[in-house]
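Heads up, run_26.cif below (mmCIF, N, CA and C atoms):
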```cif
data_my_file
loop_
_atom_site.label_atom_id
_atom_site.label_comp_id
_atom_site.auth_asym_id
_atom_site.auth_seq_id
_atom_site.Cartn_x
_atom_site.Cartn_y
_atom_site.Cartn_z
N MET A 24 -2.57 -5.84 -16.95
CA MET A 24 -1.15 -5.77 -17.16
C MET A 24 -0.43 -6.30 -15.91
N GLN A 25 0.40 -7.29 -16.10
CA GLN A 25 1.18 -7.85 -15.00
C GLN A 25 2.35 -6.91 -14.71
N LEU A 26 2.48 -6.49 -13.45
CA LEU A 26 3.55 -5.56 -13.05
C LEU A 26 4.77 -6.32 -12.54
N THR A 27 4.52 -7.31 -11.70
CA THR A 27 5.56 -8.19 -11.17
C THR A 27 4.93 -9.58 -11.07
N LYS A 28 5.67 -10.52 -10.57
CA LYS A 28 5.19 -11.91 -10.50
C LYS A 28 3.82 -12.04 -9.83
N HIS A 29 3.58 -11.29 -8.75
CA HIS A 29 2.35 -11.46 -7.97
C HIS A 29 1.39 -10.27 -8.02
N PHE A 30 1.72 -9.21 -8.74
CA PHE A 30 0.86 -8.02 -8.72
C PHE A 30 0.46 -7.59 -10.12
N HIS A 31 -0.82 -7.27 -10.25
CA HIS A 31 -1.42 -6.88 -11.52
C HIS A 31 -1.94 -5.44 -11.39
N LEU A 32 -1.89 -4.70 -12.49
CA LEU A 32 -2.30 -3.30 -12.48
C LEU A 32 -3.74 -3.12 -12.01
N ASN A 33 -4.63 -4.05 -12.36
CA ASN A 33 -6.04 -3.86 -11.97
C ASN A 33 -6.24 -3.87 -10.46
N GLU A 34 -5.31 -4.46 -9.69
CA GLU A 34 -5.41 -4.43 -8.23
C GLU A 34 -5.30 -3.00 -7.70
N PHE A 35 -4.59 -2.15 -8.43
CA PHE A 35 -4.36 -0.77 -7.99
C PHE A 35 -5.50 0.16 -8.37
N ALA A 36 -6.28 -0.20 -9.39
CA ALA A 36 -7.40 0.63 -9.83
C ALA A 36 -8.71 0.27 -9.15
N ARG A 37 -8.79 -0.94 -8.60
CA ARG A 37 -10.03 -1.44 -7.99
C ARG A 37 -10.42 -0.60 -6.77
N SER A 38 -11.68 -0.20 -6.73
CA SER A 38 -12.17 0.58 -5.59
C SER A 38 -13.68 0.45 -5.49
N SER A 39 -14.14 -0.06 -4.36
CA SER A 39 -15.59 -0.17 -4.16
C SER A 39 -16.22 1.22 -4.05
N THR A 40 -15.50 2.17 -3.49
CA THR A 40 -16.01 3.55 -3.39
C THR A 40 -16.18 4.15 -4.78
N ALA A 41 -15.19 3.97 -5.65
CA ALA A 41 -15.28 4.49 -7.02
C ALA A 41 -16.46 3.85 -7.74
N ALA A 42 -16.63 2.54 -7.58
CA ALA A 42 -17.75 1.84 -8.23
C ALA A 42 -19.08 2.36 -7.73
N ARG A 43 -19.20 2.51 -6.41
CA ARG A 43 -20.46 2.96 -5.81
C ARG A 43 -20.82 4.38 -6.24
N LEU A 44 -19.79 5.25 -6.37
CA LEU A 44 -20.03 6.65 -6.70
C LEU A 44 -19.93 6.94 -8.20
N GLY A 45 -19.62 5.93 -8.98
CA GLY A 45 -19.49 6.13 -10.43
C GLY A 45 -18.27 6.94 -10.83
N ILE A 46 -17.19 6.82 -10.06
CA ILE A 46 -15.95 7.56 -10.35
C ILE A 46 -15.05 6.72 -11.25
N ASP A 47 -14.58 7.32 -12.34
CA ASP A 47 -13.65 6.64 -13.24
C ASP A 47 -12.25 6.71 -12.63
N ASN A 48 -11.76 5.58 -12.16
CA ASN A 48 -10.46 5.52 -11.49
C ASN A 48 -9.40 4.86 -12.40
N THR A 49 -9.50 5.12 -13.69
CA THR A 49 -8.54 4.58 -14.65
C THR A 49 -7.16 5.17 -14.37
N ILE A 50 -6.17 4.30 -14.35
CA ILE A 50 -4.80 4.74 -14.06
C ILE A 50 -4.17 5.32 -15.32
N PRO A 51 -3.67 6.57 -15.25
CA PRO A 51 -2.98 7.15 -16.41
C PRO A 51 -1.70 6.37 -16.73
N GLU A 52 -1.45 6.17 -18.00
CA GLU A 52 -0.28 5.43 -18.48
C GLU A 52 1.02 5.96 -17.87
N ALA A 53 1.11 7.27 -17.70
CA ALA A 53 2.34 7.88 -17.19
C ALA A 53 2.66 7.48 -15.75
N LEU A 54 1.66 6.99 -15.00
CA LEU A 54 1.87 6.63 -13.59
C LEU A 54 2.22 5.15 -13.40
N ILE A 55 2.09 4.36 -14.44
CA ILE A 55 2.38 2.93 -14.32
C ILE A 55 3.81 2.65 -13.86
N PRO A 56 4.82 3.38 -14.34
CA PRO A 56 6.18 3.12 -13.81
C PRO A 56 6.29 3.35 -12.30
N ASN A 57 5.53 4.30 -11.75
CA ASN A 57 5.54 4.53 -10.30
C ASN A 57 4.97 3.32 -9.56
N ILE A 58 3.88 2.78 -10.08
CA ILE A 58 3.23 1.62 -9.46
C ILE A 58 4.14 0.40 -9.56
N ARG A 59 4.75 0.23 -10.72
CA ARG A 59 5.67 -0.90 -10.89
C ARG A 59 6.84 -0.78 -9.90
N ASN A 60 7.36 0.41 -9.72
CA ASN A 60 8.45 0.64 -8.77
C ASN A 60 8.02 0.27 -7.35
N LEU A 61 6.80 0.65 -6.97
CA LEU A 61 6.27 0.31 -5.64
C LEU A 61 6.21 -1.21 -5.48
N CYS A 62 5.78 -1.89 -6.52
CA CYS A 62 5.73 -3.35 -6.47
C CYS A 62 7.13 -3.95 -6.35
N GLU A 63 8.06 -3.45 -7.15
CA GLU A 63 9.42 -4.00 -7.17
C GLU A 63 10.19 -3.71 -5.88
N GLN A 64 9.99 -2.54 -5.32
CA GLN A 64 10.77 -2.13 -4.14
C GLN A 64 10.19 -2.64 -2.83
N ILE A 65 8.86 -2.76 -2.74
CA ILE A 65 8.23 -3.11 -1.46
C ILE A 65 7.32 -4.34 -1.54
N LEU A 66 6.33 -4.29 -2.39
CA LEU A 66 5.28 -5.31 -2.36
C LEU A 66 5.76 -6.71 -2.74
N GLU A 67 6.52 -6.82 -3.81
CA GLU A 67 7.01 -8.13 -4.24
C GLU A 67 8.02 -8.70 -3.24
N PRO A 68 8.98 -7.90 -2.75
CA PRO A 68 9.89 -8.43 -1.72
C PRO A 68 9.15 -8.87 -0.45
N LEU A 69 8.14 -8.10 -0.02
CA LEU A 69 7.35 -8.48 1.15
C LEU A 69 6.62 -9.79 0.88
N ARG A 70 5.99 -9.91 -0.27
CA ARG A 70 5.26 -11.13 -0.65
C ARG A 70 6.18 -12.35 -0.63
N ALA A 71 7.39 -12.19 -1.15
CA ALA A 71 8.36 -13.29 -1.16
C ALA A 71 8.77 -13.65 0.27
N HIS A 72 8.94 -12.65 1.11
CA HIS A 72 9.37 -12.90 2.49
C HIS A 72 8.30 -13.64 3.30
N ILE A 73 7.05 -13.20 3.20
CA ILE A 73 6.00 -13.80 4.03
C ILE A 73 5.38 -15.04 3.37
N ARG A 74 5.67 -15.26 2.11
CA ARG A 74 5.16 -16.41 1.37
C ARG A 74 3.63 -16.54 1.47
N SER A 75 2.99 -15.38 1.38
CA SER A 75 1.54 -15.32 1.49
C SER A 75 1.06 -14.08 0.73
N PRO A 76 -0.16 -14.09 0.18
CA PRO A 76 -0.64 -12.92 -0.54
C PRO A 76 -0.70 -11.65 0.30
N VAL A 77 -0.43 -10.55 -0.36
CA VAL A 77 -0.57 -9.21 0.20
C VAL A 77 -1.72 -8.57 -0.55
N VAL A 78 -2.74 -8.13 0.16
CA VAL A 78 -3.93 -7.58 -0.47
C VAL A 78 -3.84 -6.05 -0.49
N ILE A 79 -4.07 -5.50 -1.67
CA ILE A 79 -4.09 -4.04 -1.82
C ILE A 79 -5.51 -3.58 -1.56
N SER A 80 -5.71 -2.89 -0.43
CA SER A 80 -7.06 -2.42 -0.11
C SER A 80 -7.34 -1.06 -0.73
N SER A 81 -6.29 -0.31 -1.04
CA SER A 81 -6.42 0.98 -1.73
C SER A 81 -5.11 1.25 -2.45
N GLY A 82 -5.19 1.35 -3.76
CA GLY A 82 -4.00 1.62 -4.56
C GLY A 82 -4.05 3.01 -5.15
N TYR A 83 -4.09 3.06 -6.48
CA TYR A 83 -4.19 4.36 -7.16
C TYR A 83 -5.53 5.00 -6.86
N ARG A 84 -5.49 6.34 -6.68
CA ARG A 84 -6.73 7.10 -6.51
C ARG A 84 -6.67 8.33 -7.40
N CYS A 85 -7.65 8.48 -8.27
CA CYS A 85 -7.76 9.73 -9.01
C CYS A 85 -8.15 10.82 -8.00
N LYS A 86 -8.08 12.06 -8.42
CA LYS A 86 -8.36 13.18 -7.52
C LYS A 86 -9.77 13.09 -6.90
N ALA A 87 -10.77 12.72 -7.71
CA ALA A 87 -12.15 12.63 -7.22
C ALA A 87 -12.29 11.51 -6.19
N LEU A 88 -11.65 10.38 -6.44
CA LEU A 88 -11.72 9.27 -5.49
C LEU A 88 -10.98 9.62 -4.21
N ASN A 89 -9.83 10.24 -4.33
CA ASN A 89 -9.07 10.62 -3.15
C ASN A 89 -9.90 11.55 -2.26
N LYS A 90 -10.60 12.49 -2.87
CA LYS A 90 -11.46 13.40 -2.12
C LYS A 90 -12.61 12.63 -1.47
N ALA A 91 -13.20 11.70 -2.21
CA ALA A 91 -14.35 10.93 -1.71
C ALA A 91 -13.99 10.08 -0.49
N VAL A 92 -12.74 9.57 -0.43
CA VAL A 92 -12.34 8.73 0.71
C VAL A 92 -11.68 9.54 1.82
N GLY A 93 -11.59 10.86 1.64
CA GLY A 93 -11.01 11.71 2.68
C GLY A 93 -9.48 11.69 2.70
N GLY A 94 -8.87 11.40 1.55
CA GLY A 94 -7.41 11.40 1.47
C GLY A 94 -6.83 12.81 1.55
N VAL A 95 -5.59 12.91 1.95
CA VAL A 95 -4.93 14.22 2.03
C VAL A 95 -4.72 14.78 0.62
N TRP A 96 -4.63 16.10 0.52
CA TRP A 96 -4.57 16.78 -0.78
C TRP A 96 -3.36 16.36 -1.62
N ASN A 97 -2.28 15.96 -0.97
CA ASN A 97 -1.06 15.59 -1.70
C ASN A 97 -0.76 14.09 -1.60
N SER A 98 -1.79 13.28 -1.48
CA SER A 98 -1.64 11.84 -1.30
C SER A 98 -0.81 11.20 -2.42
N GLN A 99 0.12 10.35 -2.02
CA GLN A 99 0.92 9.62 -3.00
C GLN A 99 0.09 8.55 -3.72
N HIS A 100 -1.10 8.27 -3.23
CA HIS A 100 -2.00 7.37 -3.96
C HIS A 100 -2.32 7.97 -5.34
N MET A 101 -2.39 9.30 -5.42
CA MET A 101 -2.74 9.96 -6.68
C MET A 101 -1.60 9.94 -7.70
N THR A 102 -0.38 9.63 -7.26
CA THR A 102 0.75 9.56 -8.17
C THR A 102 1.20 8.12 -8.42
N GLY A 103 0.48 7.16 -7.84
CA GLY A 103 0.83 5.76 -8.01
C GLY A 103 2.02 5.33 -7.18
N GLU A 104 2.37 6.11 -6.18
CA GLU A 104 3.53 5.80 -5.35
C GLU A 104 3.15 5.18 -4.01
N ALA A 105 1.85 4.93 -3.78
CA ALA A 105 1.42 4.41 -2.48
C ALA A 105 0.32 3.37 -2.63
N ALA A 106 0.26 2.51 -1.63
CA ALA A 106 -0.82 1.53 -1.53
C ALA A 106 -1.08 1.24 -0.06
N ASP A 107 -2.32 0.97 0.26
CA ASP A 107 -2.69 0.49 1.59
C ASP A 107 -2.82 -1.02 1.46
N ILE A 108 -2.20 -1.75 2.38
CA ILE A 108 -2.18 -3.21 2.27
C ILE A 108 -2.68 -3.86 3.55
N VAL A 109 -3.22 -5.06 3.37
CA VAL A 109 -3.69 -5.88 4.48
C VAL A 109 -3.33 -7.33 4.16
N SER A 110 -3.42 -8.18 5.16
CA SER A 110 -3.15 -9.60 4.97
C SER A 110 -4.39 -10.29 4.43
N SER A 111 -4.16 -11.33 3.64
CA SER A 111 -5.29 -12.10 3.13
C SER A 111 -5.85 -13.03 4.19
N SER A 112 -5.01 -13.41 5.17
CA SER A 112 -5.49 -14.29 6.25
C SER A 112 -4.65 -14.10 7.50
N PRO A 113 -5.30 -13.78 8.61
CA PRO A 113 -4.56 -13.62 9.86
C PRO A 113 -3.91 -14.93 10.31
N SER A 114 -2.88 -14.82 11.10
CA SER A 114 -2.19 -15.99 11.62
C SER A 114 -3.07 -16.72 12.62
N PRO A 115 -3.23 -18.04 12.46
CA PRO A 115 -4.06 -18.79 13.40
C PRO A 115 -3.40 -18.97 14.77
N THR A 116 -2.12 -18.65 14.89
CA THR A 116 -1.42 -18.85 16.15
C THR A 116 -1.51 -17.64 17.08
N LEU A 117 -2.05 -16.54 16.59
CA LEU A 117 -2.16 -15.33 17.40
C LEU A 117 -3.59 -15.16 17.89
N PRO A 118 -3.77 -14.54 19.06
CA PRO A 118 -5.13 -14.30 19.55
C PRO A 118 -5.90 -13.42 18.55
N ARG A 119 -7.19 -13.65 18.43
CA ARG A 119 -8.02 -12.96 17.43
C ARG A 119 -7.91 -11.44 17.53
N GLU A 120 -8.03 -10.91 18.74
CA GLU A 120 -7.99 -9.46 18.91
C GLU A 120 -6.57 -8.96 18.70
N GLY A 121 -6.39 -7.99 17.82
CA GLY A 121 -5.09 -7.40 17.59
C GLY A 121 -4.22 -8.15 16.59
N VAL A 122 -4.75 -9.21 16.00
CA VAL A 122 -3.96 -9.99 15.04
C VAL A 122 -3.52 -9.12 13.87
N GLY A 123 -4.47 -8.40 13.28
CA GLY A 123 -4.16 -7.57 12.12
C GLY A 123 -3.09 -6.55 12.42
N LYS A 124 -3.21 -5.86 13.53
CA LYS A 124 -2.25 -4.84 13.89
C LYS A 124 -0.87 -5.44 14.12
N LEU A 125 -0.79 -6.53 14.84
CA LEU A 125 0.48 -7.18 15.12
C LEU A 125 1.15 -7.66 13.84
N LEU A 126 0.36 -8.25 12.96
CA LEU A 126 0.89 -8.74 11.69
C LEU A 126 1.42 -7.59 10.85
N LEU A 127 0.67 -6.50 10.76
CA LEU A 127 1.11 -5.35 9.98
C LEU A 127 2.33 -4.67 10.59
N LEU A 128 2.42 -4.66 11.92
CA LEU A 128 3.64 -4.14 12.57
C LEU A 128 4.85 -4.98 12.20
N THR A 129 4.67 -6.28 12.14
CA THR A 129 5.75 -7.18 11.74
C THR A 129 6.17 -6.89 10.30
N TRP A 130 5.18 -6.70 9.42
CA TRP A 130 5.48 -6.36 8.03
C TRP A 130 6.24 -5.04 7.96
N ALA A 131 5.78 -4.04 8.70
CA ALA A 131 6.42 -2.72 8.68
C ALA A 131 7.88 -2.81 9.13
N GLU A 132 8.13 -3.57 10.17
CA GLU A 132 9.51 -3.74 10.65
C GLU A 132 10.38 -4.41 9.59
N TRP A 133 9.83 -5.39 8.90
CA TRP A 133 10.60 -6.08 7.86
C TRP A 133 10.89 -5.13 6.70
N ILE A 134 9.87 -4.38 6.26
CA ILE A 134 10.06 -3.42 5.17
C ILE A 134 11.10 -2.38 5.56
N LYS A 135 10.98 -1.87 6.78
CA LYS A 135 11.93 -0.86 7.26
C LYS A 135 13.37 -1.36 7.19
N ALA A 136 13.59 -2.60 7.51
CA ALA A 136 14.94 -3.17 7.54
C ALA A 136 15.44 -3.64 6.18
N ASN A 137 14.53 -3.87 5.23
CA ASN A 137 14.94 -4.55 4.00
C ASN A 137 14.59 -3.86 2.68
N CYS A 138 13.83 -2.78 2.72
CA CYS A 138 13.34 -2.19 1.47
C CYS A 138 13.60 -0.69 1.40
N GLN A 139 13.63 -0.19 0.17
CA GLN A 139 13.59 1.24 -0.06
C GLN A 139 12.14 1.67 0.14
N PHE A 140 11.90 2.73 0.92
CA PHE A 140 10.52 3.20 1.11
C PHE A 140 10.53 4.68 1.46
N ASP A 141 9.39 5.31 1.23
CA ASP A 141 9.21 6.70 1.61
C ASP A 141 8.48 6.78 2.94
N GLN A 142 7.32 6.12 3.01
CA GLN A 142 6.54 6.12 4.25
C GLN A 142 5.99 4.73 4.56
N LEU A 143 5.95 4.43 5.83
CA LEU A 143 5.24 3.27 6.37
C LEU A 143 4.32 3.86 7.43
N ILE A 144 3.04 3.74 7.23
CA ILE A 144 2.09 4.30 8.19
C ILE A 144 1.10 3.21 8.59
N LEU A 145 1.15 2.81 9.85
CA LEU A 145 0.16 1.88 10.37
C LEU A 145 -1.05 2.72 10.71
N GLU A 146 -2.18 2.43 10.06
CA GLU A 146 -3.38 3.24 10.23
C GLU A 146 -4.52 2.40 10.78
N LYS A 147 -5.34 3.04 11.61
CA LYS A 147 -6.49 2.37 12.21
C LYS A 147 -7.67 3.33 12.21
N SER A 148 -8.81 2.82 11.78
CA SER A 148 -10.05 3.58 11.81
C SER A 148 -11.13 2.60 12.26
N GLY A 149 -11.68 2.82 13.44
CA GLY A 149 -12.65 1.87 14.00
C GLY A 149 -11.96 0.54 14.24
N ASN A 150 -12.52 -0.53 13.69
CA ASN A 150 -11.92 -1.86 13.83
C ASN A 150 -11.04 -2.25 12.65
N THR A 151 -10.84 -1.32 11.71
CA THR A 151 -10.07 -1.60 10.50
C THR A 151 -8.64 -1.11 10.66
N VAL A 152 -7.69 -1.99 10.33
CA VAL A 152 -6.26 -1.66 10.41
C VAL A 152 -5.63 -1.97 9.07
N TRP A 153 -4.76 -1.07 8.59
CA TRP A 153 -4.05 -1.30 7.34
C TRP A 153 -2.67 -0.66 7.43
N LEU A 154 -1.79 -1.04 6.51
CA LEU A 154 -0.45 -0.48 6.43
C LEU A 154 -0.33 0.28 5.12
N HIS A 155 -0.08 1.58 5.24
CA HIS A 155 0.17 2.43 4.07
C HIS A 155 1.66 2.32 3.76
N VAL A 156 1.99 1.96 2.52
CA VAL A 156 3.38 1.89 2.09
C VAL A 156 3.55 2.80 0.89
N SER A 157 4.68 3.50 0.84
CA SER A 157 4.94 4.33 -0.33
C SER A 157 6.42 4.30 -0.66
N CYS A 158 6.70 4.58 -1.94
CA CYS A 158 8.07 4.57 -2.42
C CYS A 158 8.17 5.51 -3.62
N CYS A 159 9.14 6.40 -3.60
CA CYS A 159 9.38 7.31 -4.72
C CYS A 159 10.31 6.63 -5.73
N ARG A 160 10.06 6.86 -7.02
CA ARG A 160 10.96 6.29 -8.04
C ARG A 160 12.35 6.88 -7.91
N ASP A 161 12.41 8.15 -7.55
CA ASP A 161 13.70 8.78 -7.27
C ASP A 161 14.03 8.47 -5.81
N ALA A 162 14.87 7.47 -5.59
CA ALA A 162 15.16 6.99 -4.23
C ALA A 162 15.70 8.08 -3.31
N THR A 163 16.29 9.13 -3.86
CA THR A 163 16.82 10.21 -3.01
C THR A 163 15.70 11.00 -2.34
N LYS A 164 14.46 10.84 -2.83
CA LYS A 164 13.31 11.55 -2.24
C LYS A 164 12.62 10.75 -1.14
N ASN A 165 13.02 9.50 -0.95
CA ASN A 165 12.41 8.67 0.09
C ASN A 165 12.80 9.19 1.47
N ARG A 166 11.78 9.52 2.28
CA ARG A 166 12.00 10.12 3.60
C ARG A 166 12.21 9.10 4.71
N LYS A 167 11.90 7.85 4.47
CA LYS A 167 12.03 6.79 5.48
C LYS A 167 11.23 7.12 6.74
N GLN A 168 10.01 7.62 6.57
CA GLN A 168 9.14 7.95 7.68
C GLN A 168 8.35 6.72 8.15
N VAL A 169 8.28 6.54 9.44
CA VAL A 169 7.49 5.45 10.02
C VAL A 169 6.54 6.12 11.03
N LEU A 170 5.23 5.94 10.80
CA LEU A 170 4.22 6.64 11.61
C LEU A 170 3.11 5.68 12.01
N ILE A 171 2.38 6.04 13.07
CA ILE A 171 1.16 5.35 13.47
C ILE A 171 0.07 6.39 13.55
N VAL A 172 -1.06 6.12 12.88
CA VAL A 172 -2.16 7.07 12.83
C VAL A 172 -3.44 6.36 13.23
N THR A 173 -4.18 6.94 14.18
CA THR A 173 -5.49 6.43 14.57
C THR A 173 -6.52 7.50 14.25
N LYS A 174 -7.56 7.10 13.52
CA LYS A 174 -8.59 8.08 13.13
C LYS A 174 -9.84 7.85 13.95
#
```
With the file now loaded, output its structure as C-alpha cells.
Amino acid sequence: MQLTKHFHLNEFARSSTAARLGIDNTIPEALIPNIRNLCEQILEPLRAHIRSPVVISSGYRCKALNKAVGGVWNSQHMTGEAADIVSSSPSPTLPREGVGKLLLLTWAEWIKANCQFDQLILEKSGNTVWLHVSCCRDATKNRKQVLIVTK
C-alpha cells in the first residue's frame, strides 16, 4: 500500500529481527493512519527537502518485536507513530568518520524548524547511528522533544 509519493507500508513492517525470530510483524489496519501521518508530516517533507531517499531502519514494531529489540515499554513504534531513519548514501564531501551523525543532525535541525513532530532522538549504539522521528496524529500531543541518546 502506497502511503505517500515515496513511502510504502511494507517499509514499516520490514524487520530482519522479526524474520530471524519468526515474529509476525503485520501492521494492524487501525494503525495505518498513524503511519501515513508520520509520512505526511515528517518523512515526505524531509525526502523532498534533501532530494534523496530516506531509509526506514525500524518502523512499526509489534509488542513481541519491540521486546526483542529492547524497545521501551511505551514505544511509539508500537502505535505506528515512530520510525528510525538513516541515509541511503553518506555525503561524499564530508570526512568518512562522523558522516552519518552529522547528516542526521542536519536532518533533525531541518525537521525541528519545518515539521510537526513529537520526538527527534539522535541515537547511537556502537558504530551505528540513526534518527528516531515521531509524530502524533493529534498535533496537540506533540511534545517537540529533541534528545541525543548513546547506548
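Compared by their closest atoms to Ser75 (chain A), and using only C-alpha atoms, the residues A:Thr151, A:Ser111, A:Lys135, A:Ala162 rank with A:Ser111 nearest.
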Problem set entry | Using only C-alpha atoms: which of A:Leu26, A:Ile65, A:Ala91, A:Val172 has the shortest distance to Thr40 (chain A) | A:Ala91
For this session: Determine, counting only N, CA and C atoms, which protein, DNA and RNA residues have an atom within 6.5 Å of an atom of Thr173 (chain A); residues of the same chain fewer than 6 positions away are not included. Present the result as a PyMOL selection string.
Result: chain A and resi 145-148
What does the file look like for those residues with N, CA and C atoms, as a short mmCIF file (atom, residue, chain, number, x, y, z; two decimals), in the coordinates of the input?
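Writing done, so here's part.cif:
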```cif
data_model
loop_
_atom_site.label_atom_id
_atom_site.label_comp_id
_atom_site.auth_asym_id
_atom_site.auth_seq_id
_atom_site.Cartn_x
_atom_site.Cartn_y
_atom_site.Cartn_z
N LEU A 145 1.15 2.81 9.85
CA LEU A 145 0.16 1.88 10.37
C LEU A 145 -1.05 2.72 10.71
N GLU A 146 -2.18 2.43 10.06
CA GLU A 146 -3.38 3.24 10.23
C GLU A 146 -4.52 2.40 10.78
N LYS A 147 -5.34 3.04 11.61
CA LYS A 147 -6.49 2.37 12.21
C LYS A 147 -7.67 3.33 12.21
N SER A 148 -8.81 2.82 11.78
CA SER A 148 -10.05 3.58 11.81
C SER A 148 -11.13 2.60 12.26
#
```
For this session: Once DSSP has gone over the backbone, tell me which residues of chain A are in strand (DSSP E), as a PyMOL selection string.
Result: chain A and resi 77-81+105-110+142-148+151-157+168-173
Exercise. If you apply the PyMOL selection byres (((chain A and resi 160 and name CA) around 9) and name CA) to this file, what residues do you get, as a ChimeraX atom specification?
Worked result: /A:56-57,60-61,104,158-159,161-165
So that I can check the surroundings of Ile79 (chain A), please list as a compact mmCIF listing (two decimals) with N, CA and C atoms, in the frame of the given file every protein, DNA and RNA residue that reaches within 8 Å of it, counting only N, CA and C atoms and ignoring chain neighbours fewer than 5 positions away.
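Dumped to around_3.txt:
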```txt
# COMPACT_ATOMS: atom_id res chain seq x y z
N GLU A 34 -5.31 -4.46 -9.69
CA GLU A 34 -5.41 -4.43 -8.23
C GLU A 34 -5.30 -3.00 -7.70
N PHE A 35 -4.59 -2.15 -8.43
CA PHE A 35 -4.36 -0.77 -7.99
C PHE A 35 -5.50 0.16 -8.37
N ARG A 37 -8.79 -0.94 -8.60
CA ARG A 37 -10.03 -1.44 -7.99
C ARG A 37 -10.42 -0.60 -6.77
N ALA A 106 0.26 2.51 -1.63
CA ALA A 106 -0.82 1.53 -1.53
C ALA A 106 -1.08 1.24 -0.06
N ASP A 107 -2.32 0.97 0.26
CA ASP A 107 -2.69 0.49 1.59
C ASP A 107 -2.82 -1.02 1.46
N ILE A 108 -2.20 -1.75 2.38
CA ILE A 108 -2.18 -3.21 2.27
C ILE A 108 -2.68 -3.86 3.55
N VAL A 109 -3.22 -5.06 3.37
CA VAL A 109 -3.69 -5.88 4.48
C VAL A 109 -3.33 -7.33 4.16
N SER A 110 -3.42 -8.18 5.16
CA SER A 110 -3.15 -9.60 4.97
C SER A 110 -4.39 -10.29 4.43
N SER A 111 -4.16 -11.33 3.64
CA SER A 111 -5.29 -12.10 3.13
C SER A 111 -5.85 -13.03 4.19
```
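In this structure, atom N of Ala41 (chain A) sits 17.3 Å away from atom C of Gly103 (chain A).
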For this session: Decode the PyMOL selection byres ((chain A and resi 100) around 8) for the given file into explicit residues and return them as a VMD selection string.
Result: chain A and resid 81 to 86 89 97 to 99 101 to 107 157
Exercise. When DSSP works through the backbone of this structure, what residues of chain A end up as helix (DSSP H, G or I), shown as a ChimeraX atom specification?
Worked result: /A:33-36,39-44,52-73,86-91,99-102,122-137,162-164
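In this model, the gap between CA of Leu54 (chain A) and CA of Leu69 (chain A) comes to 21.8 Å.
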For this session: Measuring atom to atom with only N, CA and C atoms, identify which of A:Leu125, A:Asn137, A:His29, A:Met24 is nearest to Val77 (chain A).
Result: A:His29
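Taking CA of Thr27 (chain A) as the reference point, CA of Lys124 (chain A) is found at 26.5 Å.
Contact shell of Ile144 (chain A) at 6 Å (only N, CA and C atoms; same-chain neighbours under 4 positions omitted): Trp153, Leu154, His155, Val156, Val169, Leu170, Ile171 and Val172 of chain A.
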Emit as AutoDock Vina command-line options the padded axis-aligned box for all listed atoms of region 35-43 of chain A, 8 Å per side, with centre and edge lengths in Å to one decimal.
```
--center_x -12.6 --center_y 1.2 --center_z -6.6 --size_x 32.5 --size_y 22.6 --size_z 22.4
```
